[in-house]
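Enquirer: Got a structure for you, work-v2.cif, holding mmCIF, C-alpha atoms.
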```
data_upload
#
loop_
_atom_site.label_atom_id
_atom_site.label_comp_id
_atom_site.auth_asym_id
_atom_site.auth_seq_id
_atom_site.Cartn_x
_atom_site.Cartn_y
_atom_site.Cartn_z
CA SER A 1 108.14 284.99 28.60
CA LEU A 2 111.08 283.14 27.06
CA SER A 3 110.69 281.79 23.56
CA ARG A 4 111.71 278.55 21.88
CA PRO A 5 111.38 277.17 18.39
CA GLU A 6 108.52 274.79 17.73
CA THR A 7 109.51 271.17 17.25
CA ALA A 8 107.55 268.13 16.18
CA SER A 9 108.66 266.08 19.14
CA MET A 10 107.51 268.15 22.09
CA SER A 11 105.23 271.07 22.81
CA ILE A 12 105.77 272.75 26.17
CA ARG A 13 103.60 275.68 27.22
CA TRP A 14 105.01 278.48 29.39
CA LEU A 15 103.53 278.12 32.87
CA ALA A 16 100.32 276.56 31.54
CA PRO A 17 97.89 275.88 34.37
CA ALA A 18 98.20 272.11 34.66
CA LEU A 19 101.80 271.71 33.49
CA ALA A 20 105.03 271.78 35.45
CA ALA A 21 107.39 272.37 32.53
CA LEU A 22 108.70 275.67 31.21
CA SER A 23 109.58 276.43 27.62
CA LEU A 24 113.22 276.13 26.65
CA ALA A 25 115.20 279.26 25.86
CA ALA A 26 116.70 277.79 22.72
CA GLY A 27 116.71 281.12 20.91
CA ILE A 28 118.55 283.25 23.46
CA ARG A 29 122.00 284.43 22.47
CA ALA A 30 124.81 285.37 24.84
CA GLN A 31 124.84 289.05 23.91
CA ASP A 32 126.33 290.23 27.18
CA ASP A 33 129.69 288.71 26.26
CA PRO A 34 132.92 290.81 26.03
CA PRO A 35 132.17 294.40 24.92
CA ALA A 36 134.71 294.65 22.09
CA PRO A 37 133.00 294.59 18.68
CA ALA A 38 133.28 291.36 16.73
CA PRO A 39 135.68 291.37 13.78
CA GLU A 40 133.92 291.83 10.45
CA SER A 41 135.24 288.45 9.34
CA ALA A 42 133.51 286.81 12.32
CA VAL A 43 130.19 288.46 11.49
CA GLU A 44 130.46 287.54 7.81
CA GLU A 45 131.34 283.90 8.47
CA ALA A 46 128.45 283.62 10.89
CA ARG A 47 126.09 285.01 8.27
CA THR A 48 127.49 282.64 5.66
CA LEU A 49 127.02 279.64 7.94
CA GLY A 50 123.47 280.74 8.71
CA ARG A 51 122.60 281.03 5.02
CA LEU A 52 124.10 277.62 4.29
CA VAL A 53 122.22 275.89 7.11
CA LYS A 54 118.93 277.47 6.02
CA ARG A 55 119.57 276.49 2.41
CA ARG A 56 120.36 272.92 3.48
CA GLU A 57 116.99 272.63 5.20
CA THR A 58 115.22 273.86 2.07
CA LEU A 59 117.12 271.47 -0.18
CA ARG A 60 116.50 268.50 2.09
CA SER A 61 112.78 268.82 1.47
CA LYS A 62 113.35 268.71 -2.29
CA ALA A 63 116.24 266.25 -2.60
CA ASP A 64 114.01 263.15 -2.80
CA VAL A 65 112.14 264.43 -5.86
CA SER A 66 114.78 266.32 -7.80
CA LYS A 67 118.22 265.23 -8.95
CA SER A 68 119.39 268.83 -9.21
CA SER A 69 118.25 269.50 -5.65
CA ALA A 70 120.10 266.40 -4.44
CA GLU A 71 123.27 267.63 -6.11
CA ALA A 72 122.81 271.11 -4.68
CA LEU A 73 122.28 269.60 -1.23
CA GLU A 74 125.51 267.64 -1.51
CA LYS A 75 127.38 270.82 -2.46
CA CYS A 76 125.78 272.78 0.37
CA GLU A 77 126.69 270.14 2.95
CA ALA A 78 130.28 270.16 1.67
CA GLU A 79 130.47 273.94 2.16
CA ILE A 80 129.13 273.62 5.71
CA ALA A 81 131.65 270.86 6.46
CA ASN A 82 134.54 272.95 5.10
CA LEU A 83 133.58 275.94 7.19
CA ALA A 84 133.13 273.76 10.29
CA LYS A 85 136.51 272.16 9.67
CA ARG A 86 138.13 275.59 9.85
CA TYR A 87 136.70 276.10 13.36
CA VAL A 88 137.23 272.57 14.64
CA GLY A 89 140.80 272.70 13.37
CA GLY A 90 141.40 276.02 15.14
CA ALA A 91 142.58 278.18 12.24
CA PRO A 92 145.14 280.68 13.63
CA ASP A 93 143.20 283.80 12.58
CA LEU A 94 140.11 282.81 14.60
CA THR A 95 139.36 284.76 17.78
CA VAL A 96 136.97 283.92 20.59
CA ARG A 97 134.47 286.29 18.96
CA HIS A 98 134.51 284.18 15.79
CA TYR A 99 133.35 281.18 17.82
CA ILE A 100 130.76 283.23 19.71
CA GLU A 101 129.29 284.66 16.50
CA VAL A 102 128.98 281.37 14.59
CA THR A 103 127.57 279.48 17.55
CA SER A 104 125.06 282.28 18.22
CA VAL A 105 123.71 281.76 14.71
CA LEU A 106 123.43 278.02 15.30
CA ILE A 107 121.49 278.65 18.52
CA ASP A 108 119.04 280.82 16.59
CA LEU A 109 118.65 278.06 13.99
CA ALA A 110 118.33 275.28 16.61
CA GLU A 111 121.12 273.14 15.10
CA PRO A 112 122.43 271.32 18.17
CA GLU A 113 124.85 268.80 16.63
CA LEU A 114 126.96 271.35 14.75
CA LEU A 115 126.54 273.78 17.64
CA VAL A 116 128.02 271.30 20.12
CA GLU A 117 130.90 270.50 17.77
CA LEU A 118 131.91 274.13 17.16
CA THR A 119 131.31 275.25 20.74
CA GLN A 120 133.46 272.46 22.16
CA ALA A 121 136.19 273.38 19.67
CA GLY A 122 135.97 276.98 20.85
CA ILE A 123 136.12 275.97 24.51
CA GLN A 124 139.18 273.83 23.86
CA ARG A 125 140.94 276.87 22.42
CA PHE A 126 139.45 279.51 24.74
CA PRO A 127 138.69 277.63 27.98
CA THR A 128 137.97 280.79 30.01
CA SER A 129 135.17 282.05 27.72
CA ARG A 130 131.94 282.07 29.71
CA PRO A 131 129.74 282.88 26.67
CA LEU A 132 130.99 279.71 24.96
CA ARG A 133 130.10 277.67 28.05
CA ASP A 134 126.67 279.30 27.94
CA HIS A 135 126.34 278.31 24.29
CA LEU A 136 127.26 274.72 25.09
CA GLY A 137 124.54 274.62 27.71
CA MET A 138 122.04 276.08 25.24
CA ALA A 139 123.05 273.44 22.72
CA HIS A 140 122.14 270.71 25.19
CA LEU A 141 118.82 272.45 25.95
CA ILE A 142 118.02 272.46 22.23
CA THR A 143 118.89 268.76 22.09
CA ALA A 144 116.52 268.14 25.00
CA ASN A 145 113.84 270.14 23.26
CA GLN A 146 114.12 267.96 20.16
CA ALA A 147 114.44 264.62 21.99
CA GLU A 148 112.12 261.79 21.02
CA LYS A 149 113.39 259.23 23.52
CA VAL A 150 113.46 259.44 27.28
CA TRP A 151 117.15 258.65 27.66
CA GLU A 152 118.05 261.36 25.11
CA LEU A 153 116.01 263.90 27.02
CA ARG A 154 117.51 263.06 30.40
CA ASP A 155 121.06 262.89 29.06
CA ALA A 156 120.76 266.29 27.36
CA LEU A 157 119.33 267.96 30.45
CA GLN A 158 122.10 266.53 32.62
CA ARG A 159 124.71 267.82 30.17
CA ALA A 160 123.05 271.24 30.19
CA VAL A 161 123.16 271.42 33.99
CA LEU A 162 126.87 270.55 33.98
CA ALA A 163 127.68 273.08 31.23
CA PHE A 164 125.96 275.93 33.04
CA ALA A 165 127.65 274.94 36.31
CA GLU A 166 131.03 275.28 34.58
CA ALA A 167 129.96 278.62 33.06
CA ARG A 168 129.09 279.98 36.50
CA LYS A 169 132.71 279.55 37.59
CA LEU A 170 133.91 282.04 34.96
CA GLU A 171 133.82 285.81 34.51
CA PRO A 172 132.22 288.05 33.44
CA ALA A 173 128.82 286.98 34.76
CA THR A 174 126.15 286.49 32.09
CA MET A 175 122.43 286.27 32.63
CA HIS A 176 122.25 283.47 30.07
CA THR A 177 123.94 281.06 32.47
CA GLU A 178 121.07 281.47 34.90
CA VAL A 179 118.39 281.50 32.16
CA GLY A 180 119.66 278.14 30.96
CA ALA A 181 120.32 276.64 34.38
CA TRP A 182 116.88 277.79 35.55
CA GLN A 183 115.12 275.94 32.77
CA ALA A 184 117.34 272.85 32.83
CA HIS A 185 116.65 272.39 36.54
CA LEU A 186 112.94 272.96 35.99
CA HIS A 187 112.73 270.26 33.34
CA ARG A 188 114.53 267.91 35.72
CA GLY A 189 112.01 268.70 38.45
CA GLU A 190 114.71 270.34 40.59
CA HIS A 191 112.71 273.27 41.91
CA ALA A 192 115.12 274.20 44.70
CA GLN A 193 118.00 274.58 42.25
CA ALA A 194 115.73 276.39 39.79
CA LEU A 195 114.86 278.88 42.52
CA VAL A 196 118.56 279.57 43.12
CA SER A 197 119.08 280.27 39.41
CA LEU A 198 115.99 282.46 39.23
CA ASP A 199 117.13 284.57 42.18
CA LEU A 200 120.59 284.95 40.59
CA LEU A 201 118.94 285.88 37.32
CA ARG A 202 116.95 288.63 39.03
CA GLN A 203 120.25 290.37 39.82
CA HIS A 204 120.87 291.05 36.11
CA PRO A 205 119.21 294.30 34.94
CA ALA A 206 118.99 293.01 31.37
CA ALA A 207 116.88 290.06 32.56
CA GLN A 208 114.06 292.17 33.96
CA PRO A 209 111.90 292.10 30.78
CA LEU A 210 111.93 288.30 31.03
CA LEU A 211 110.76 288.32 34.63
CA ASP A 212 107.50 290.22 34.52
CA GLU A 213 105.78 287.47 36.53
CA VAL A 214 108.63 286.62 38.88
CA GLU A 215 106.41 286.11 41.94
CA LEU A 216 104.46 283.48 40.01
CA HIS A 217 107.67 281.70 39.02
CA ARG A 218 108.97 281.79 42.59
CA GLY A 219 105.66 280.53 43.92
CA ARG A 220 105.79 277.53 41.61
CA HIS A 221 109.38 276.76 42.60
CA LEU A 222 108.61 277.04 46.31
CA LEU A 223 105.59 274.78 45.87
CA GLY A 224 107.75 272.23 44.07
CA SER A 225 110.33 272.48 46.85
CA ASP A 226 107.78 271.50 49.53
CA ARG A 227 107.74 275.09 50.87
CA ALA A 228 104.00 275.57 50.50
CA ALA A 229 103.57 278.29 53.15
CA GLU A 230 106.17 280.48 51.43
CA ALA A 231 104.59 279.69 48.07
CA ILE A 232 101.26 281.09 49.28
CA ALA A 233 102.81 284.49 49.98
CA GLU A 234 104.47 284.65 46.55
CA LEU A 235 101.33 283.52 44.71
CA GLU A 236 99.16 286.02 46.55
CA ALA A 237 101.64 288.74 45.57
CA ALA A 238 101.51 287.53 41.98
CA LEU A 239 97.72 287.66 41.95
CA ALA A 240 97.88 291.30 43.04
CA THR A 241 99.56 292.08 39.70
CA GLU A 242 98.35 291.78 36.12
CA LEU A 243 99.01 288.17 35.08
CA ALA A 244 98.60 286.59 31.68
CA ASP A 245 96.91 283.61 33.33
CA PRO A 246 95.42 284.58 36.69
CA ALA A 247 93.19 281.49 36.78
CA GLY A 248 96.22 279.22 36.55
CA ALA A 249 97.86 281.14 39.38
CA ARG A 250 94.75 280.71 41.54
CA LEU A 251 94.88 276.96 40.94
CA LEU A 252 98.50 276.95 42.11
CA LEU A 253 97.45 278.96 45.15
CA ALA A 254 94.74 276.40 45.99
CA ARG A 255 97.34 273.61 45.73
CA ALA A 256 99.72 275.52 47.98
CA GLN A 257 96.98 276.16 50.52
CA TRP A 258 96.13 272.47 50.72
CA LEU A 259 99.77 271.39 51.00
CA ALA A 260 100.26 273.99 53.75
CA GLY A 261 97.41 272.44 55.73
CA LYS A 262 94.85 275.13 54.92
CA LYS A 263 92.17 272.84 53.54
CA GLU A 264 89.26 275.28 53.99
CA ASP A 265 91.14 277.99 52.10
CA ALA A 266 91.97 275.50 49.33
CA VAL A 267 88.31 274.50 48.99
CA LYS A 268 87.22 278.13 48.89
CA THR A 269 89.84 279.11 46.28
CA SER A 270 89.21 276.12 44.01
CA SER A 271 85.42 276.36 44.29
CA ALA A 272 85.51 280.04 43.28
CA LEU A 273 87.72 279.14 40.34
CA LEU A 274 85.30 276.43 39.25
CA VAL A 275 82.49 278.99 38.91
CA GLU A 276 84.42 281.10 36.41
CA THR A 277 86.19 278.59 34.15
CA GLU A 278 85.51 275.74 31.76
CA GLU A 279 89.13 275.44 30.65
CA PRO A 280 89.87 271.67 30.49
CA ALA A 281 93.31 271.91 32.07
CA LEU A 282 91.98 273.96 34.98
CA LEU A 283 89.02 271.66 35.54
CA GLY A 284 91.36 268.68 35.53
CA GLY A 285 93.61 270.47 38.00
CA ILE A 286 90.68 271.20 40.32
CA ALA A 287 89.58 267.56 40.16
CA ASP A 288 93.14 266.47 40.89
CA LEU A 289 93.31 268.80 43.90
CA TRP A 290 89.97 267.61 45.25
CA ALA A 291 91.06 263.98 44.90
CA ALA A 292 94.22 264.74 46.86
CA MET A 293 92.08 266.39 49.57
CA GLY A 294 89.95 263.25 49.88
CA LYS A 295 86.99 264.69 47.94
CA THR A 296 87.11 261.75 45.52
CA LYS A 297 83.39 261.64 44.74
CA GLU A 298 83.34 265.34 43.88
CA ALA A 299 86.46 264.93 41.76
CA ALA A 300 85.03 261.99 39.84
CA SER A 301 81.76 263.88 39.34
CA LEU A 302 83.61 266.91 37.98
CA LEU A 303 85.54 264.77 35.48
CA ALA A 304 82.37 262.97 34.41
CA LYS A 305 80.54 266.27 33.89
CA HIS A 306 83.25 267.76 31.71
CA LYS A 307 84.27 265.02 29.30
CA LEU A 308 87.07 265.71 26.82
CA ALA A 309 86.88 265.00 23.12
CA SER A 310 89.46 262.47 22.00
CA ALA A 311 92.62 263.81 20.39
CA ALA A 312 95.31 262.01 18.40
CA GLU A 313 98.89 262.18 19.68
CA ASP A 314 100.40 262.38 16.19
CA GLU A 315 98.72 265.67 15.27
CA GLU A 316 101.13 268.23 13.84
CA ASP A 317 99.86 271.37 15.59
CA SER A 318 100.78 272.01 19.21
CA ASP A 319 97.19 272.62 20.35
CA SER A 320 96.17 269.12 19.24
CA ARG A 321 99.17 267.57 20.97
CA ASP A 322 98.32 269.51 24.12
CA ALA A 323 94.75 268.22 23.91
CA HIS A 324 96.05 264.65 23.61
CA ARG A 325 98.19 265.08 26.72
CA GLU A 326 95.22 266.48 28.59
CA THR A 327 93.13 263.47 27.55
CA ARG A 328 95.84 261.10 28.80
CA SER A 329 96.11 263.05 32.05
CA ARG A 330 92.39 262.75 32.65
CA ALA A 331 92.53 259.03 31.96
CA ALA A 332 95.36 258.63 34.48
CA LEU A 333 93.50 260.63 37.10
CA GLU A 334 90.27 258.70 36.56
CA LEU A 335 92.26 255.50 36.99
CA LEU A 336 93.58 256.74 40.32
CA LEU A 337 90.09 257.63 41.46
CA SER A 338 88.51 254.35 40.39
CA ALA A 339 91.34 252.37 42.00
CA LYS A 340 90.87 254.33 45.24
CA LEU A 341 94.61 254.88 45.50
CA GLY A 342 94.54 258.67 45.48
CA ASN A 343 95.34 259.09 49.16
CA HIS A 344 97.76 256.21 49.57
CA ALA A 345 101.09 257.81 50.48
CA LYS A 346 103.30 254.97 49.25
CA PHE A 347 101.46 254.82 45.94
CA ARG A 348 101.78 258.61 45.55
CA ALA A 349 105.52 258.43 46.10
CA GLU A 350 105.95 255.62 43.57
CA TYR A 351 103.70 257.39 41.09
CA ALA A 352 105.67 260.64 41.47
CA GLN A 353 108.88 258.76 40.78
CA ALA A 354 107.38 257.09 37.71
CA LEU A 355 106.33 260.52 36.48
CA GLY A 356 109.96 261.59 36.34
CA HIS A 357 110.18 263.70 39.49
CA ARG A 358 107.34 266.06 38.58
CA PHE A 359 108.59 266.72 35.05
CA LEU A 360 106.17 266.81 32.12
CA ILE A 361 107.02 263.27 31.85
CA GLY A 362 107.93 260.78 29.27
CA LEU A 363 107.15 257.13 29.79
CA ALA A 364 108.71 255.01 27.06
CA ASP A 365 106.89 252.43 24.99
CA GLU A 366 108.58 249.20 23.83
CA SER A 367 110.59 251.04 21.17
CA GLY A 368 111.80 253.67 23.63
CA LYS A 369 109.67 256.35 21.98
CA LEU A 370 108.70 259.22 24.26
CA LYS A 371 105.12 259.05 25.53
CA GLU A 372 104.15 262.14 27.47
CA HIS A 373 101.85 262.08 30.48
CA ASP A 374 100.94 265.10 32.53
CA LEU A 375 100.11 264.79 36.16
CA SER A 376 103.49 266.24 36.98
CA SER A 377 102.27 269.15 39.10
CA SER A 378 99.64 267.01 40.75
CA PRO A 379 99.11 267.36 44.50
CA LEU A 380 98.69 263.59 44.44
CA CYS A 381 102.35 263.46 43.51
CA MET A 382 103.51 266.42 45.58
CA GLY A 383 101.72 265.55 48.81
CA HIS A 384 103.08 263.59 51.74
#
```
Kindly return the structure encoded in the file as C-alpha cells.

Expert:
Amino acid sequence: SLSRPETASMSIRWLAPALAALSLAAGIRAQDDPPAPAPESAVEEARTLGRLVKRRETLRSKADVSKSSAEALEKCEAEIANLAKRYVGGAPDLTVRHYIEVTSVLIDLAEPELLVELTQAGIQRFPTSRPLRDHLGMAHLITANQAEKVWELRDALQRAVLAFAEARKLEPATMHTEVGAWQAHLHRGEHAQALVSLDLLRQHPAAQPLLDEVELHRGRHLLGSDRAAEAIAELEAALATELADPAGARLLLARAQWLAGKKEDAVKTSSALLVETEEPALLGGIADLWAAMGKTKEAASLLAKHKLASAAEDEEDSDSRDAHRETRSRAALELLLSAKLGNHAKFRAEYAQALGHRFLIGLADESGKLKEHDLSSSPLCMGH
C-alpha cells in the first residue's frame, strides 16, 4: 500500500472496511524523472535544506523554554529563507534537477508551504518539467492531509487535481501523476476519474509493487461509480487472491450484490461474514447494509447487541481517533434507523450530498473546525 506521514489532524486508513478514503501518497518522490544524474551541488543543497528543516522542527519545540533555542531557531529560519530565496529568485546556476532534488526532500518532510513556493518557482523557470508538476500536486495532497478546516481540505484537493491534470499533458510520462491523481479523485469522491487514473497507473511497470490488490481497488471504484455488476466481478477476483483484509472485501461484495439487485446473494454474503467477525467497523457496515435492504429491525438489533465504548475525538493516537469516528458513525446510523428514513430516496440523496459526495467527510462546527463523520461508503448513500 501507499504510505503517508501521520498528522494530528486526520487519520485515514488504507481501504479500511467501513471507510471510503485512501491514504495520501505524501511521501512518494518523482524518481522516474529525467535519467541524467543530478549535479552534486543539487544533491548537497537538498541535503542541507533537509537538515535545516528538521533542525527547525526540533528547535520549535524548545524555543518557548530556552532563550538559546529561540536564538538558534531564528538563525535556522534565516538560513532556510536565504536558501529558498536563491531558488525563488532563479539563480543562474540552478538546473531543473536542483528544483527536483530540493522539492523531493520537502515532500519527504511533508512541508507543503515551502514546497509549493519552490515548486512554483521551478515551474516558472522550467514550465515543461513534468516531475515539478507532479511535485506541485503532491504538495497540495500534503496540504489536504494536514487540513483542519473543510474549505482548506476541498481547496487543496481541487488544486491537486488541476496540478496533476497539467502534469499529464507533459512528457515523459511518470507514474506519480497517476498515483496523485488517483488519490485526489478518491478523496473528492470521484470514483470514475479515480478508476481512469488507476488504469493508467497499471501501465507503469514500476507501479506494480503498489498495486498488489488492484482488483479490490477497481471493485471499490466501480461500486462508487454505480457500476455494481462490474464491481462484483472484480471483488470476486480479488477474493480469489491473498488479501490483507478479506473480510472488508466481502463486505464490499455484499454491498455490490445488493446494489446490483442481488438481494439474496447480499444477505448470504453478509450473514456469513457476521458469523466470523466482531470487528466494530465490519459490524457497523453489515448493519448499514441491512438497513439499506429494508432489514431495519435486524440492523437495529445488531447495533444494540454490539455497543461501542465511547472514545474521545481529541486523542493523539490514530486508533483512538478511528474509534471516535466509528462511534459517531454508529450514532448517525442509529439516528437514521430510529427516524425511519433509511429507505427514503430523497433523504438518502440529501444525506449523501451532506456527507461530501461519499468522502470520509468533514462537517464543520461553528468555528469551521473539521468534524469527521463516516458513513461515506454507506449503501444508504450510494443507493437509488

Enquirer: Quick one: pull the distance between CA of Val105 (chain A) and CA of Leu52 (chain A), Å, one decimal.

Expert: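 Rounded to one decimal, the two atoms are 11.2 Å apart.
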
Enquirer: Would you work out the distance separating CA of Ala260 (chain A) from CA of Ala231 (chain A), expressed in Å to one decimal?

Expert: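 For CA of Ala260 (chain A) relative to CA of Ala231 (chain A), the distance reads 9.1 Å.
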
Enquirer: I would like the residues chosen by the PyMOL selection byres ((chain A and resi 118) around 10) on the shown file; could you give them as a PyMOL selection string?

Expert: chain A and resi 84-90+99-100+102-103+106+112-117+119-124+132+135-136

Enquirer: Keeping only C-alpha atoms, take the residues you just selected and write them out as a short mmCIF file (atom, residue, chain, number, x, y, z; two decimals), keeping the file's coordinate frame.

Expert:
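Output saved as again_25.cif:
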```
data_model
loop_
_atom_site.label_atom_id
_atom_site.label_comp_id
_atom_site.auth_asym_id
_atom_site.auth_seq_id
_atom_site.Cartn_x
_atom_site.Cartn_y
_atom_site.Cartn_z
CA ALA A 84 133.13 273.76 10.29
CA LYS A 85 136.51 272.16 9.67
CA ARG A 86 138.13 275.59 9.85
CA TYR A 87 136.70 276.10 13.36
CA VAL A 88 137.23 272.57 14.64
CA GLY A 89 140.80 272.70 13.37
CA GLY A 90 141.40 276.02 15.14
CA TYR A 99 133.35 281.18 17.82
CA ILE A 100 130.76 283.23 19.71
CA VAL A 102 128.98 281.37 14.59
CA THR A 103 127.57 279.48 17.55
CA LEU A 106 123.43 278.02 15.30
CA PRO A 112 122.43 271.32 18.17
CA GLU A 113 124.85 268.80 16.63
CA LEU A 114 126.96 271.35 14.75
CA LEU A 115 126.54 273.78 17.64
CA VAL A 116 128.02 271.30 20.12
CA GLU A 117 130.90 270.50 17.77
CA THR A 119 131.31 275.25 20.74
CA GLN A 120 133.46 272.46 22.16
CA ALA A 121 136.19 273.38 19.67
CA GLY A 122 135.97 276.98 20.85
CA ILE A 123 136.12 275.97 24.51
CA GLN A 124 139.18 273.83 23.86
CA LEU A 132 130.99 279.71 24.96
CA HIS A 135 126.34 278.31 24.29
CA LEU A 136 127.26 274.72 25.09
#
```

Enquirer: Once you add 8 Å to each side, what are the centre and edge lengths of the axis-aligned box holding all listed atoms of region 49-61 of chain A? One decimal in Å, as JSON, if you can.

Expert:
```
{"center_x": 119.9, "center_y": 274.8, "center_z": 4.3, "size_x": 30.2, "size_y": 28.5, "size_z": 24.9}
```

Enquirer: For Arg202 (chain A), work out the shell of residues within 12 Å, counting all atoms listed in the file and skipping chain neighbours fewer than 3 positions away, then give it as a list in words.

Expert: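 Contacts, with the query itself left out: Thr174, Met175, His176, Glu178, Val179, Trp182, Leu195, Val196, Ser197, Leu198, Asp199, Pro205, Ala206, Ala207, Gln208, Pro209, Leu210, Leu211, Asp212, Glu213, Val214, Glu215, His217 and Arg218 of chain A.
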
Enquirer: Counting all atoms listed in the file, note down every residue that has an atom within 10 Å of the point (140.2, 285.4, 18.7) (file coordinates), as a PyMOL selection string.

Expert: chain A and resi 38-39+42+91-100+122+125-126

Enquirer: List the residues matched by the PyMOL selection byres ((chain A and resi 143) around 9) in the displayed structure as a ChimeraX atom specification, ordered by chain and then by residue number.

Expert: /A:110-113,138-142,144-147,152-153,156-157

Enquirer: Name all residues at most 9 Å from Ala192 (chain A) (count only C-alpha atoms; drop same-chain ones fewer than 6 positions away) and give them as a ChimeraX atom specification.

Expert: /A:185,221-222,224-225

Enquirer: Separation of CA of Trp258 (chain A) and CA of Glu190 (chain A), in Å?

Expert: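 If I compute the distance from CA of Trp258 (chain A) to CA of Glu190 (chain A), I get 21.3 Å.
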
Enquirer: For a quick check of understanding, using all atoms listed in the file, which of A:Leu73, A:Ala292, A:Ala181, A:Ile286 has the smallest distance to Ala247 (chain A)?

Expert: A:Ile286

Enquirer: With the file shown as input, list the residues that the PyMOL selection byres ((chain A and resi 170) around 10) selects, as a count of residues only.

Expert: 15

Enquirer: Need the shell around Gln257 (chain A): protein/DNA/RNA residues with any atom at most 10 Å away, counting all atoms listed in the file. Skip same-chain ones fewer than 2 positions apart. Format as a list in words?

Expert: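 Once the adjacent positions are removed, what remains is Leu223, Ala228, Ala229, Ala231, Ile232, Leu251, Leu252, Leu253, Ala254, Arg255, Leu259, Ala260, Gly261, Lys262, Lys263, Glu264, Asp265, Ala266, Val267 and Thr269 of chain A.
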
Enquirer: Taking all atoms listed in the file into account, name the residue in A:Arg220, A:Arg56, A:Lys295, A:Arg227 that is nearest to Arg250 (chain A).

Expert: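 With all atoms listed in the file as the atom set, the closest residue is A:Arg220.
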